[in-house]
$ cat structure-v2.tsv   # TSV, C-alpha atoms
chain	number	residue	atom	x	y	z
A	4	MET	CA	189.81	-3.63	161.11
A	5	SER	CA	186.48	-3.91	159.36
A	6	LEU	CA	184.76	-4.19	162.77
A	7	ILE	CA	186.29	-0.88	163.86
A	8	ARG	CA	185.27	0.59	160.56
A	9	ARG	CA	181.72	-0.63	161.01
A	10	ILE	CA	181.50	0.83	164.52
A	11	LEU	CA	182.86	4.18	163.36
A	12	ARG	CA	180.63	4.32	160.29
A	13	PRO	CA	178.50	7.48	160.13
A	14	SER	CA	174.81	7.14	159.46
A	15	ALA	CA	174.64	10.21	157.20
A	16	ILE	CA	175.95	10.52	153.65
A	17	ALA	CA	177.85	13.53	152.34
A	18	ASP	CA	177.37	13.28	148.60
A	19	ALA	CA	180.35	14.31	146.45
A	20	HIS	CA	177.81	14.09	143.72
A	21	CYS	CA	178.07	13.79	139.97
A	22	ASP	CA	175.04	13.18	137.76
A	23	GLY	CA	175.02	9.94	135.87
A	24	PRO	CA	177.34	6.99	136.14
A	25	CYS	CA	180.54	8.99	136.48
A	26	GLY	CA	183.76	7.35	135.54
A	27	VAL	CA	182.38	4.63	133.30
A	28	TYR	CA	183.00	6.48	130.05
A	29	ASP	CA	185.41	5.04	127.51
A	30	PRO	CA	185.90	5.92	123.81
A	31	ALA	CA	186.51	2.18	123.27
A	32	SER	CA	182.80	1.59	122.62
A	33	ALA	CA	182.90	4.07	119.72
A	34	ARG	CA	186.14	2.54	118.45
A	35	ILE	CA	184.72	-1.01	118.35
A	36	ALA	CA	181.67	0.10	116.35
A	37	ALA	CA	183.90	2.12	113.98
A	38	GLU	CA	186.06	-0.95	113.43
A	39	ALA	CA	182.94	-2.86	112.43
A	40	VAL	CA	182.08	-0.10	109.93
A	41	LEU	CA	185.57	-0.26	108.42
A	42	SER	CA	185.44	-4.05	108.32
A	43	MET	CA	182.11	-3.99	106.43
A	44	GLU	CA	183.46	-1.45	103.91
A	45	LYS	CA	186.37	-3.80	103.19
A	46	LYS	CA	184.04	-6.80	102.89
A	47	ILE	CA	181.67	-4.93	100.57
A	48	ALA	CA	184.60	-3.95	98.34
A	49	ALA	CA	185.90	-7.54	98.32
A	50	LEU	CA	182.48	-8.97	97.47
A	51	GLY	CA	182.46	-7.59	93.92
A	52	ASP	CA	179.50	-6.57	91.79
A	53	GLY	CA	177.66	-9.90	91.50
A	54	GLN	CA	173.89	-9.64	91.07
A	55	ASP	CA	172.94	-13.22	91.92
A	56	LEU	CA	170.61	-13.59	94.88
A	57	ALA	CA	173.25	-14.92	97.29
A	58	THR	CA	175.65	-12.04	96.62
A	59	VAL	CA	172.91	-9.42	96.79
A	60	ASN	CA	171.76	-10.90	100.08
A	61	THR	CA	175.29	-10.85	101.52
A	62	ARG	CA	175.92	-7.30	100.26
A	63	THR	CA	172.65	-6.12	101.77
A	64	ARG	CA	173.56	-7.65	105.11
A	65	PHE	CA	177.00	-5.97	105.06
A	66	ILE	CA	175.40	-2.61	104.24
A	67	GLU	CA	172.82	-3.03	106.98
A	68	ILE	CA	175.56	-3.74	109.54
A	69	LYS	CA	177.67	-0.81	108.29
A	70	GLU	CA	174.62	1.48	108.62
A	71	SER	CA	173.69	0.39	112.15
A	72	GLN	CA	177.27	0.35	113.46
A	73	ALA	CA	177.86	3.88	112.11
A	74	GLU	CA	174.74	4.95	114.02
A	75	ILE	CA	176.18	3.36	117.18
A	76	VAL	CA	179.43	5.32	116.71
A	77	LYS	CA	177.39	8.54	116.48
A	78	HIS	CA	175.50	7.68	119.66
A	79	GLU	CA	178.63	6.71	121.61
A	80	LEU	CA	180.44	9.89	120.52
A	81	ASP	CA	177.41	11.95	121.60
A	82	ILE	CA	177.53	10.39	125.09
A	83	LEU	CA	181.19	11.36	125.44
A	84	TRP	CA	180.58	14.80	123.99
A	85	HIS	CA	177.64	15.96	126.06
A	86	ASP	CA	177.81	13.75	129.14
A	87	TYR	CA	181.50	13.34	129.83
A	88	PHE	CA	183.26	16.45	128.53
A	89	LYS	CA	182.86	19.57	130.67
A	90	PRO	CA	183.53	23.29	130.05
A	91	GLU	CA	186.99	23.14	131.66
A	92	HIS	CA	187.94	20.40	129.20
A	93	LEU	CA	186.94	22.77	126.41
A	94	GLU	CA	189.29	25.40	127.82
A	95	LYS	CA	192.12	22.89	127.58
A	96	TYR	CA	191.07	21.55	124.18
A	97	PRO	CA	189.53	24.44	122.19
A	98	GLU	CA	189.21	22.12	119.17
A	99	LEU	CA	186.93	19.74	121.15
A	100	HIS	CA	183.64	20.75	119.52
A	101	THR	CA	185.10	20.79	116.01
A	102	THR	CA	186.64	17.36	116.54
A	103	PHE	CA	183.34	15.83	117.64
A	104	TRP	CA	181.41	17.63	114.90
A	105	GLN	CA	183.75	16.32	112.23
A	106	ALA	CA	183.69	12.82	113.70
A	107	ALA	CA	179.86	12.83	113.66
A	108	LYS	CA	179.91	14.03	110.04
A	109	LEU	CA	182.31	11.19	109.18
A	110	CYS	CA	179.76	8.75	110.63
A	111	SER	CA	177.22	10.09	108.14
A	112	LYS	CA	179.73	9.86	105.30
A	113	ASN	CA	180.35	6.21	106.20
A	114	LYS	CA	176.61	5.66	105.80
A	115	THR	CA	176.05	7.46	102.51
A	116	GLU	CA	179.13	5.97	100.85
A	117	SER	CA	180.95	2.65	101.10
A	118	ASP	CA	184.66	3.34	101.03
A	119	PRO	CA	187.27	1.93	103.46
A	120	ALA	CA	188.99	5.35	103.33
A	121	ASN	CA	186.00	6.81	105.19
A	122	GLY	CA	186.28	4.10	107.83
A	123	GLU	CA	189.98	4.87	108.26
A	124	ALA	CA	189.23	8.59	108.60
A	125	LEU	CA	186.63	7.79	111.28
A	126	MET	CA	189.14	5.63	113.15
A	127	ALA	CA	191.65	8.51	113.06
A	128	ALA	CA	189.03	10.90	114.47
A	129	ILE	CA	188.22	8.46	117.29
A	130	GLU	CA	191.92	8.04	118.03
A	131	LYS	CA	192.15	11.83	118.46
A	132	ILE	CA	189.15	11.79	120.82
A	133	HIS	CA	190.69	8.85	122.68
A	134	GLY	CA	193.84	10.96	123.23
A	135	MET	CA	191.88	13.95	124.58
A	136	PHE	CA	189.65	11.77	126.74
A	137	TRP	CA	192.44	9.94	128.55
A	138	ALA	CA	194.50	13.14	128.88
A	139	THR	CA	191.62	14.71	130.87
A	140	LYS	CA	191.93	11.78	133.28
A	141	GLY	CA	195.69	12.15	133.48
A	142	ARG	CA	196.17	8.67	132.11
A	143	ASP	CA	198.29	7.46	129.23
A	144	VAL	CA	196.17	4.76	127.55
A	145	ALA	CA	197.43	3.37	124.27
A	146	PHE	CA	195.02	3.34	121.32
A	147	TYR	CA	194.66	-0.10	119.80
A	148	ARG	CA	192.47	-1.98	117.35
A	149	ALA	CA	190.69	-5.25	117.96
A	150	SER	CA	191.15	-6.30	114.35
B	206	MET	CA	215.12	7.20	183.23
B	207	ASN	CA	213.97	8.96	180.12
B	208	GLY	CA	213.27	5.60	178.59
B	209	ASN	CA	211.13	4.65	181.62
B	210	ASP	CA	209.20	7.87	181.49
B	211	GLY	CA	208.66	7.44	177.79
B	212	GLY	CA	207.43	3.93	178.37
B	213	ARG	CA	204.98	4.98	181.05
B	214	ARG	CA	203.70	7.80	178.91
B	215	SER	CA	203.00	5.56	175.95
B	216	ASP	CA	201.28	3.07	178.30
B	217	LEU	CA	198.93	5.86	179.22
B	218	ALA	CA	198.58	7.31	175.76
B	219	ALA	CA	196.03	4.82	174.43
B	220	PRO	CA	193.53	4.99	177.35
B	221	VAL	CA	193.88	8.77	177.58
B	222	LEU	CA	193.27	9.20	173.87
B	223	CYS	CA	190.34	6.80	174.03
B	224	GLY	CA	188.91	8.71	176.96
B	225	LEU	CA	189.34	12.02	175.17
B	226	ALA	CA	187.75	10.63	172.03
B	227	LEU	CA	184.83	9.25	174.04
B	228	GLY	CA	184.45	12.57	175.85
B	229	PHE	CA	184.46	14.51	172.60
B	230	GLY	CA	182.10	12.01	171.07
B	231	LEU	CA	179.65	12.34	173.95
B	232	ALA	CA	179.92	16.12	173.98
B	233	ALA	CA	179.30	16.16	170.23
B	234	LEU	CA	176.26	13.92	170.58
B	235	ILE	CA	174.82	15.98	173.42
B	236	THR	CA	175.30	19.35	171.79
B	237	ARG	CA	174.54	18.02	168.28
B	238	ARG	CA	177.07	20.51	167.08
B	239	PHE	CA	179.27	17.95	165.34
B	240	ALA	CA	178.01	15.20	163.13
B	241	SER	CA	179.72	12.46	161.17
B	242	TYR	CA	179.26	11.81	157.46
B	243	GLU	CA	180.45	9.23	155.00
B	244	VAL	CA	181.63	10.51	151.62
B	245	ARG	CA	179.93	9.06	148.56
B	246	GLY	CA	181.03	9.87	145.03
B	247	GLU	CA	184.21	11.19	143.45
B	248	SER	CA	183.55	14.89	142.90
B	249	MET	CA	185.87	15.95	145.76
B	250	VAL	CA	188.83	13.79	144.73
B	251	PRO	CA	191.71	14.19	145.63
B	252	THR	CA	190.70	16.11	148.78
B	253	LEU	CA	188.04	13.61	149.82
B	254	ALA	CA	187.73	10.06	148.59
B	255	PRO	CA	184.62	7.89	148.52
B	256	GLY	CA	184.36	6.06	151.84
B	257	ASP	CA	186.07	8.76	153.93
B	258	TYR	CA	184.46	9.38	157.33
B	259	LEU	CA	184.16	13.06	158.19
B	260	ILE	CA	183.22	15.27	161.11
B	261	ALA	CA	181.34	18.43	160.25
B	262	ASP	CA	180.61	21.47	162.36
B	263	ARG	CA	176.92	22.23	162.00
B	264	ARG	CA	177.16	25.58	163.76
B	265	ALA	CA	180.07	26.92	161.71
B	266	TYR	CA	177.85	29.38	159.86
B	267	ARG	CA	175.67	30.63	162.67
B	268	ALA	CA	177.99	33.56	163.29
B	269	ARG	CA	179.48	34.06	159.85
B	270	VAL	CA	178.91	33.35	156.18
B	271	PRO	CA	180.71	30.62	154.20
B	272	ARG	CA	184.14	31.71	153.02
B	273	VAL	CA	185.86	30.89	149.73
B	274	GLY	CA	187.83	27.67	150.17
B	275	ASP	CA	185.64	26.17	152.89
B	276	ILE	CA	184.51	22.61	152.32
B	277	VAL	CA	180.84	22.62	153.19
B	278	LEU	CA	177.76	20.47	153.46
B	279	ALA	CA	174.81	21.84	151.54
B	280	ARG	CA	171.32	20.72	150.70
B	281	ASP	CA	171.03	19.81	147.04
B	282	PRO	CA	168.73	22.50	145.57
B	283	ARG	CA	167.30	19.92	143.20
B	284	GLU	CA	166.77	17.21	145.79
B	285	ALA	CA	166.46	18.50	149.36
B	286	ALA	CA	166.95	15.08	150.96
B	287	ARG	CA	170.48	14.88	149.59
B	288	THR	CA	173.37	16.47	151.46
B	289	LEU	CA	176.15	17.53	149.14
B	290	VAL	CA	179.79	18.04	150.02
B	291	LYS	CA	181.50	20.68	147.88
B	292	ARG	CA	183.96	23.56	148.16
B	293	VAL	CA	182.93	27.21	148.23
B	294	ALA	CA	184.28	28.82	145.04
B	295	ALA	CA	182.65	32.21	145.51
B	296	ALA	CA	180.37	33.78	148.10
B	297	ASP	CA	180.14	37.42	147.08
B	298	GLY	CA	176.68	38.89	146.94
B	299	GLY	CA	175.12	36.43	149.34
B	300	ARG	CA	174.58	33.35	147.24
B	301	VAL	CA	177.19	30.62	147.41
B	302	ASP	CA	178.95	29.09	144.41
B	303	LEU	CA	179.71	25.41	145.10
B	304	ARG	CA	182.27	23.42	143.14
B	305	GLY	CA	183.72	19.95	143.33
B	306	ASP	CA	187.51	19.76	143.51
B	307	ASN	CA	187.32	17.13	140.78
B	308	ALA	CA	185.73	19.51	138.28
B	309	GLY	CA	185.57	16.98	135.45
B	310	GLN	CA	183.40	14.66	137.54
B	311	SER	CA	181.25	16.97	139.60
B	312	THR	CA	177.70	18.21	139.42
B	313	ASP	CA	177.73	21.55	141.23
B	314	SER	CA	176.78	25.22	140.83
B	315	ARG	CA	177.74	25.01	137.17
B	316	ALA	CA	174.70	22.75	136.80
B	317	PHE	CA	172.27	23.94	139.47
B	318	GLY	CA	173.39	27.53	140.02
B	319	ARG	CA	174.45	29.26	143.22
B	320	VAL	CA	172.68	28.21	146.40
B	321	GLU	CA	171.14	30.26	149.20
B	322	PRO	CA	173.43	30.65	152.24
B	323	GLY	CA	170.69	28.89	154.24
B	324	ALA	CA	171.23	25.75	152.16
B	325	VAL	CA	174.77	25.48	153.56
B	326	ILE	CA	174.27	23.41	156.69
B	327	GLY	CA	177.77	22.86	157.97
B	328	ARG	CA	181.48	22.96	157.45
B	329	VAL	CA	183.64	19.85	157.08
B	330	ARG	CA	186.47	20.04	159.62
B	331	TRP	CA	188.09	16.62	160.09
B	332	ARG	CA	188.44	13.22	158.55
B	333	TYR	CA	188.67	10.44	161.13
B	334	TRP	CA	188.88	7.50	158.75
B	335	PRO	CA	191.02	6.28	157.06
B	336	HIS	CA	193.67	9.02	157.48
B	337	PRO	CA	192.71	11.15	160.48
B	338	GLY	CA	193.42	14.83	160.15
B	339	ARG	CA	192.06	18.23	159.31
B	340	VAL	CA	190.28	18.68	156.03
B	341	ARG	CA	190.96	21.85	154.11
$ encode --input "structure-v2.tsv" --output "C-alpha coordinates"
Amino acid sequence: MSLIRRILRPSAIADAHCDGPCGVYDPASARIAAEAVLSMEKKIAALGDGQDLATVNTRTRFIEIKESQAEIVKHELDILWHDYFKPEHLEKYPELHTTFWQAAKLCSKNKTESDPANGEALMAAIEKIHGMFWATKGRDVAFYRAS
Amino acid sequence: MNGNDGGRRSDLAAPVLCGLALGFGLAALITRRFASYEVRGESMVPTLAPGDYLIADRRAYRARVPRVGDIVLARDPREAARTLVKRVAAADGGRVDLRGDNAGQSTDSRAFGRVEPGAVIGRVRWRYWPHPGRVR
(Lines of atoms letter the chains of each structure in order from A and count residues from 1; the text may use other names and numbers.)
(Lines give C-alpha, C1' and ligand atoms only; values in the text may rest on other atoms or scores of the structure.)
Protein backbone atom coordinates (compact mmCIF):
# COMPACT_ATOMS: atom_id res chain seq x y z
CA MET A 1 0.00 0.00 0.00
CA SER A 2 2.62 2.51 1.03
CA LEU A 3 4.78 1.41 -1.93
CA ILE A 4 1.95 2.20 -4.35
CA ARG A 5 1.45 5.48 -2.58
CA ARG A 6 5.13 6.30 -2.90
CA ILE A 7 5.14 5.50 -6.62
CA LEU A 8 2.05 7.62 -7.23
CA ARG A 9 3.31 10.52 -5.14
CA PRO A 10 3.39 13.82 -7.06
CA SER A 11 6.53 15.90 -6.96
CA ALA A 12 4.66 19.22 -6.75
CA ILE A 13 2.81 20.64 -3.76
CA ALA A 14 -0.59 22.33 -3.96
CA ASP A 15 -0.70 24.42 -0.82
CA ALA A 16 -4.08 24.68 0.92
CA HIS A 17 -2.31 27.33 2.86
CA CYS A 18 -3.01 29.00 6.17
CA ASP A 19 -0.54 31.39 7.81
CA GLY A 20 0.87 30.27 11.10
CA PRO A 21 0.54 26.95 12.85
CA CYS A 22 -3.13 26.40 12.05
CA GLY A 23 -5.10 24.13 14.25
CA VAL A 24 -2.89 24.26 17.32
CA TYR A 25 -4.94 26.89 19.13
CA ASP A 26 -6.62 26.03 22.41
CA PRO A 27 -8.11 28.33 25.09
CA ALA A 28 -6.73 25.83 27.64
CA SER A 29 -3.45 27.75 27.86
CA ALA A 30 -5.34 30.88 28.95
CA ARG A 31 -7.44 28.85 31.37
CA ILE A 32 -4.41 27.30 33.11
CA ALA A 33 -2.79 30.72 33.66
CA ALA A 34 -6.11 32.14 34.91
CA GLU A 35 -6.39 29.27 37.38
CA ALA A 36 -2.94 30.19 38.69
CA VAL A 37 -4.11 33.80 39.14
CA LEU A 38 -7.18 32.66 41.07
CA SER A 39 -5.10 30.29 43.17
CA MET A 40 -2.68 33.10 44.13
CA GLU A 41 -5.56 35.40 45.08
CA LYS A 42 -6.87 32.70 47.43
CA LYS A 43 -3.40 32.12 48.88
CA ILE A 44 -2.81 35.84 49.40
CA ALA A 45 -6.14 36.14 51.23
CA ALA A 46 -5.34 33.10 53.38
CA LEU A 47 -1.87 34.41 54.27
CA GLY A 48 -3.19 37.23 56.46
CA ASP A 49 -1.63 40.61 57.17
CA GLY A 50 1.61 39.53 58.88
CA GLN A 51 4.54 41.92 58.46
CA ASP A 52 7.37 39.60 59.50
CA LEU A 53 10.00 39.01 56.85
CA ALA A 54 8.91 35.45 56.03
CA THR A 55 5.28 36.44 55.45
CA VAL A 56 6.21 39.52 53.44
CA ASN A 57 8.50 37.39 51.31
CA THR A 58 5.78 34.80 50.69
CA ARG A 59 3.18 37.48 49.95
CA THR A 60 5.53 39.18 47.51
CA ARG A 61 6.14 35.90 45.71
CA PHE A 62 2.39 35.22 45.45
CA ILE A 63 1.80 38.71 44.06
CA GLU A 64 4.64 38.33 41.57
CA ILE A 65 3.17 35.05 40.30
CA LYS A 66 -0.34 36.54 40.13
CA GLU A 67 1.04 39.48 38.11
CA SER A 68 2.99 37.37 35.61
CA GLN A 69 0.26 34.75 35.16
CA ALA A 70 -2.33 37.49 34.49
CA GLU A 71 0.03 38.82 31.81
CA ILE A 72 0.21 35.32 30.29
CA VAL A 73 -3.61 35.15 30.18
CA LYS A 74 -3.66 38.47 28.30
CA HIS A 75 -1.09 37.20 25.81
CA GLU A 76 -2.85 33.86 25.25
CA LEU A 77 -6.22 35.60 24.76
CA ASP A 78 -4.60 37.96 22.24
CA ILE A 79 -3.29 35.02 20.21
CA LEU A 80 -6.78 33.53 20.02
CA TRP A 81 -8.34 36.90 19.28
CA HIS A 82 -6.16 38.11 16.45
CA ASP A 83 -4.61 34.91 15.11
CA TYR A 84 -7.34 32.32 15.39
CA PHE A 85 -10.67 34.15 15.10
CA LYS A 86 -11.62 35.27 11.59
CA PRO A 87 -14.25 37.71 10.23
CA GLU A 88 -16.78 34.92 9.56
CA HIS A 89 -16.54 33.93 13.23
CA LEU A 90 -17.43 37.51 14.10
CA GLU A 91 -20.53 37.25 11.93
CA LYS A 92 -21.60 34.24 13.95
CA TYR A 93 -20.60 35.72 17.30
CA PRO A 94 -21.18 39.50 17.14
CA GLU A 95 -20.20 39.76 20.82
CA LEU A 96 -16.72 38.33 20.07
CA HIS A 97 -14.79 41.60 20.32
CA THR A 98 -16.61 42.74 23.45
CA THR A 99 -16.00 39.38 25.11
CA PHE A 100 -12.26 39.53 24.45
CA TRP A 101 -12.06 43.19 25.43
CA GLN A 102 -13.77 42.53 28.74
CA ALA A 103 -11.62 39.46 29.38
CA ALA A 104 -8.46 41.51 28.76
CA LYS A 105 -9.74 44.21 31.12
CA LEU A 106 -10.39 41.53 33.76
CA CYS A 107 -6.73 40.49 33.43
CA SER A 108 -5.75 44.05 34.34
CA LYS A 109 -8.20 44.09 37.25
CA ASN A 110 -6.63 40.87 38.56
CA LYS A 111 -3.30 42.70 38.54
CA THR A 112 -4.35 45.94 40.21
CA GLU A 113 -6.40 44.22 42.91
CA SER A 114 -6.12 40.94 44.78
CA ASP A 115 -9.58 39.47 45.10
CA PRO A 116 -10.60 35.87 44.29
CA ALA A 117 -13.86 37.29 42.87
CA ASN A 118 -11.83 38.83 40.04
CA GLY A 119 -10.18 35.48 39.35
CA GLU A 120 -13.59 33.81 39.21
CA ALA A 121 -14.87 36.48 36.81
CA LEU A 122 -11.84 35.88 34.58
CA MET A 123 -12.46 32.14 34.61
CA ALA A 124 -16.09 32.76 33.58
CA ALA A 125 -14.93 34.96 30.68
CA ILE A 126 -12.49 32.27 29.52
CA GLU A 127 -15.23 29.65 29.76
CA LYS A 128 -17.34 31.80 27.42
CA ILE A 129 -14.43 32.09 24.98
CA HIS A 130 -13.84 28.34 25.28
CA GLY A 131 -17.48 27.78 24.22
CA MET A 132 -17.20 30.06 21.18
CA PHE A 133 -13.83 28.64 20.17
CA TRP A 134 -14.87 25.00 20.13
CA ALA A 135 -18.22 25.84 18.49
CA THR A 136 -16.31 27.34 15.52
CA LYS A 137 -14.61 23.95 15.14
CA GLY A 138 -17.91 22.10 15.42
CA ARG A 139 -16.70 20.29 18.50
CA ASP A 140 -18.31 19.91 21.89
CA VAL A 141 -15.42 20.15 24.36
CA ALA A 142 -16.28 20.32 28.04
CA PHE A 143 -14.77 23.15 30.09
CA TYR A 144 -12.91 21.89 33.13
CA ARG A 145 -10.50 23.11 35.78
CA ALA A 146 -7.20 21.57 36.72
CA SER A 147 -7.64 22.56 40.35
CA MET B 1 -23.03 -18.03 -19.79
CA ASN B 2 -23.53 -14.60 -18.35
CA GLY B 3 -21.43 -15.63 -15.40
CA ASN B 4 -18.63 -16.75 -17.77
CA ASP B 5 -18.75 -13.54 -19.71
CA GLY B 6 -18.70 -11.56 -16.51
CA GLY B 7 -15.72 -13.54 -15.32
CA ARG B 8 -13.79 -12.99 -18.52
CA ARG B 9 -14.57 -9.31 -18.48
CA SER B 10 -13.31 -8.83 -14.95
CA ASP B 11 -10.17 -10.82 -15.85
CA LEU B 12 -9.52 -8.24 -18.51
CA ALA B 13 -10.58 -5.24 -16.48
CA ALA B 14 -7.38 -4.83 -14.48
CA PRO B 15 -4.89 -4.96 -17.42
CA VAL B 16 -7.14 -2.78 -19.57
CA LEU B 17 -7.49 -0.19 -16.83
CA CYS B 18 -3.75 -0.31 -16.18
CA GLY B 19 -3.07 0.14 -19.87
CA LEU B 20 -5.48 3.05 -20.09
CA ALA B 21 -3.95 4.65 -17.02
CA LEU B 22 -0.46 4.21 -18.44
CA GLY B 23 -1.59 5.63 -21.78
CA PHE B 24 -3.17 8.65 -20.13
CA GLY B 25 -0.14 9.06 -17.92
CA LEU B 26 2.21 9.02 -20.91
CA ALA B 27 -0.01 11.37 -22.90
CA ALA B 28 -0.15 13.72 -19.92
CA LEU B 29 3.62 13.66 -19.54
CA ILE B 30 4.22 14.25 -23.24
CA THR B 31 1.77 17.10 -23.61
CA ARG B 32 2.50 18.50 -20.12
CA ARG B 33 -1.12 19.46 -20.03
CA PHE B 34 -1.90 17.54 -16.85
CA ALA B 35 0.24 17.57 -13.76
CA SER B 36 -0.08 15.91 -10.38
CA TYR B 37 0.02 17.71 -7.04
CA GLU B 38 -0.03 16.69 -3.42
CA VAL B 39 -2.26 18.73 -1.11
CA ARG B 40 -0.60 20.30 1.91
CA GLY B 41 -2.54 22.15 4.58
CA GLU B 42 -6.15 22.19 5.72
CA SER B 43 -7.65 25.27 4.10
CA MET B 44 -9.66 23.22 1.55
CA VAL B 45 -11.16 20.78 4.06
CA PRO B 46 -13.62 19.05 3.60
CA THR B 47 -13.25 19.16 -0.21
CA LEU B 48 -9.54 18.36 -0.18
CA ALA B 49 -7.62 16.84 2.67
CA PRO B 50 -3.89 17.08 3.37
CA GLY B 51 -2.15 14.23 1.55
CA ASP B 52 -4.64 13.99 -1.32
CA TYR B 53 -3.05 13.43 -4.74
CA LEU B 54 -4.59 15.56 -7.48
CA ILE B 55 -4.49 15.95 -11.23
CA ALA B 56 -4.74 19.48 -12.54
CA ASP B 57 -5.38 20.75 -16.04
CA ARG B 58 -2.76 23.39 -16.77
CA ARG B 59 -4.43 24.53 -19.98
CA ALA B 60 -7.91 24.98 -18.50
CA TYR B 61 -7.67 28.76 -18.67
CA ARG B 62 -6.05 29.23 -22.03
CA ALA B 63 -9.41 29.61 -23.71
CA ARG B 64 -11.51 30.99 -20.89
CA VAL B 65 -11.28 32.79 -17.56
CA PRO B 66 -11.67 31.09 -14.16
CA ARG B 67 -15.30 30.64 -13.18
CA VAL B 68 -16.86 30.96 -9.73
CA GLY B 69 -16.73 27.56 -8.03
CA ASP B 70 -13.65 26.26 -9.86
CA ILE B 71 -10.92 24.81 -7.67
CA VAL B 72 -7.73 26.29 -9.02
CA LEU B 73 -3.99 26.35 -8.62
CA ALA B 74 -2.58 29.84 -8.27
CA ARG B 75 0.77 31.39 -7.57
CA ASP B 76 0.87 32.91 -4.10
CA PRO B 77 1.12 36.68 -4.71
CA ARG B 78 3.27 37.00 -1.61
CA GLU B 79 5.58 34.10 -2.40
CA ALA B 80 5.77 33.21 -6.10
CA ALA B 81 7.44 29.84 -5.51
CA ARG B 82 4.37 28.58 -3.66
CA THR B 83 1.44 27.10 -5.58
CA LEU B 84 -1.83 27.58 -3.74
CA VAL B 85 -4.98 25.52 -4.13
CA LYS B 86 -8.16 27.51 -3.48
CA ARG B 87 -11.67 27.96 -4.82
CA VAL B 88 -12.73 30.88 -7.02
CA ALA B 89 -15.24 32.93 -5.01
CA ALA B 90 -15.60 35.78 -7.49
CA ALA B 91 -14.09 36.63 -10.86
CA ASP B 92 -15.99 39.70 -12.00
CA GLY B 93 -13.91 42.57 -13.26
CA GLY B 94 -10.91 40.48 -14.20
CA ARG B 95 -9.18 39.86 -10.90
CA VAL B 96 -9.89 36.60 -9.14
CA ASP B 97 -11.06 36.26 -5.54
CA LEU B 98 -9.63 33.06 -4.02
CA ARG B 99 -11.05 31.45 -0.89
CA GLY B 100 -10.38 28.29 1.06
CA ASP B 101 -13.41 26.06 1.65
CA ASN B 102 -12.33 25.90 5.30
CA ALA B 103 -12.69 29.64 5.82
CA GLY B 104 -11.69 29.57 9.48
CA GLN B 105 -8.31 28.07 8.62
CA SER B 106 -7.39 29.62 5.32
CA THR B 107 -5.12 32.42 4.20
CA ASP B 108 -6.60 33.63 0.92
CA SER B 109 -7.82 36.76 -0.88
CA ARG B 110 -9.13 38.08 2.42
CA ALA B 111 -5.47 38.38 3.43
CA PHE B 112 -3.62 39.03 0.17
CA GLY B 113 -6.35 40.51 -2.02
CA ARG B 114 -7.60 39.38 -5.41
CA VAL B 115 -5.04 37.92 -7.78
CA GLU B 116 -4.36 38.59 -11.46
CA PRO B 117 -5.95 36.01 -13.79
CA GLY B 118 -2.41 35.22 -14.97
CA ALA B 119 -1.56 33.98 -11.48
CA VAL B 120 -4.12 31.18 -11.89
CA ILE B 121 -2.08 28.41 -13.46
CA GLY B 122 -4.49 25.51 -13.63
CA ARG B 123 -7.72 23.90 -12.62
CA VAL B 124 -7.94 20.91 -10.29
CA ARG B 125 -9.96 18.18 -12.00
CA TRP B 126 -9.43 14.82 -10.28
CA ARG B 127 -8.19 13.21 -7.13
CA TYR B 128 -6.47 9.87 -7.74
CA TRP B 129 -5.50 9.09 -4.16
CA PRO B 130 -6.92 8.07 -1.75
CA HIS B 131 -10.51 8.26 -3.10
CA PRO B 132 -10.32 8.57 -6.89
CA GLY B 133 -12.91 10.79 -8.47
CA ARG B 134 -13.71 14.20 -9.82
CA VAL B 135 -13.02 17.19 -7.65
CA ARG B 136 -15.59 19.95 -7.65
$ closest_atom_pairs --input "structure-v2.tsv" --of "chain A" --to "chain B" --cutoff "6 Å" --atoms "all atoms listed in the file" --output "JSON lines"
{"residue": "A:Pro13", "atom": "CA", "partner": "B:Tyr242", "partner_atom": "CA", "distance": 5.1}
{"residue": "A:Ala15", "atom": "CA", "partner": "B:Tyr242", "partner_atom": "CA", "distance": 4.9}
{"residue": "A:Ile16", "atom": "CA", "partner": "B:Glu243", "partner_atom": "CA", "distance": 4.9}
{"residue": "A:Ala17", "atom": "CA", "partner": "B:Val244", "partner_atom": "CA", "distance": 4.9}
{"residue": "A:Asp18", "atom": "CA", "partner": "B:Leu289", "partner_atom": "CA", "distance": 4.5}
{"residue": "A:Ala19", "atom": "CA", "partner": "B:Gly246", "partner_atom": "CA", "distance": 4.7}
{"residue": "A:His20", "atom": "CA", "partner": "B:Gly246", "partner_atom": "CA", "distance": 5.5}
{"residue": "A:Cys21", "atom": "CA", "partner": "B:Thr312", "partner_atom": "CA", "distance": 4.5}
{"residue": "A:Asp22", "atom": "CA", "partner": "B:Thr312", "partner_atom": "CA", "distance": 5.9}
$ residues_around --input "structure-v2.tsv" --residues "Ile132 in chain A" --least-positions-apart "6" --cutoff "8 Å" --atoms "only C-alpha atoms" --output "ChimeraX atom specification"
/A:30,102-103
$ atom_distance --input "structure-v2.tsv" --atom1 "CA of Asp262 in chain B" --atom2 "CA of Trp331 in chain B"
9.2 Å
$ atom_distance --input "structure-v2.tsv" --atom1 "CA of Lys77 in chain A" --atom2 "CA of Trp104 in chain A"
10.1 Å
$ atom_distance --input "structure-v2.tsv" --atom1 "CA of Ile7 in chain A" --atom2 "CA of Val221 in chain B"
18.4 Å
$ residues_around --input "structure-v2.tsv" --residues "Ala295 in chain B" --least-positions-apart "4" --cutoff "7 Å" --atoms "all atoms listed in the file" --output "list in words"
Val273, Val301 and Asp302 of chain B
$ closest_residue --input "structure-v2.tsv" --among "A:Ile66, A:Ala37, A:Ile47, A:Ala124" --to "Glu79 in chain A" --atoms "all atoms listed in the file"
A:Ala37
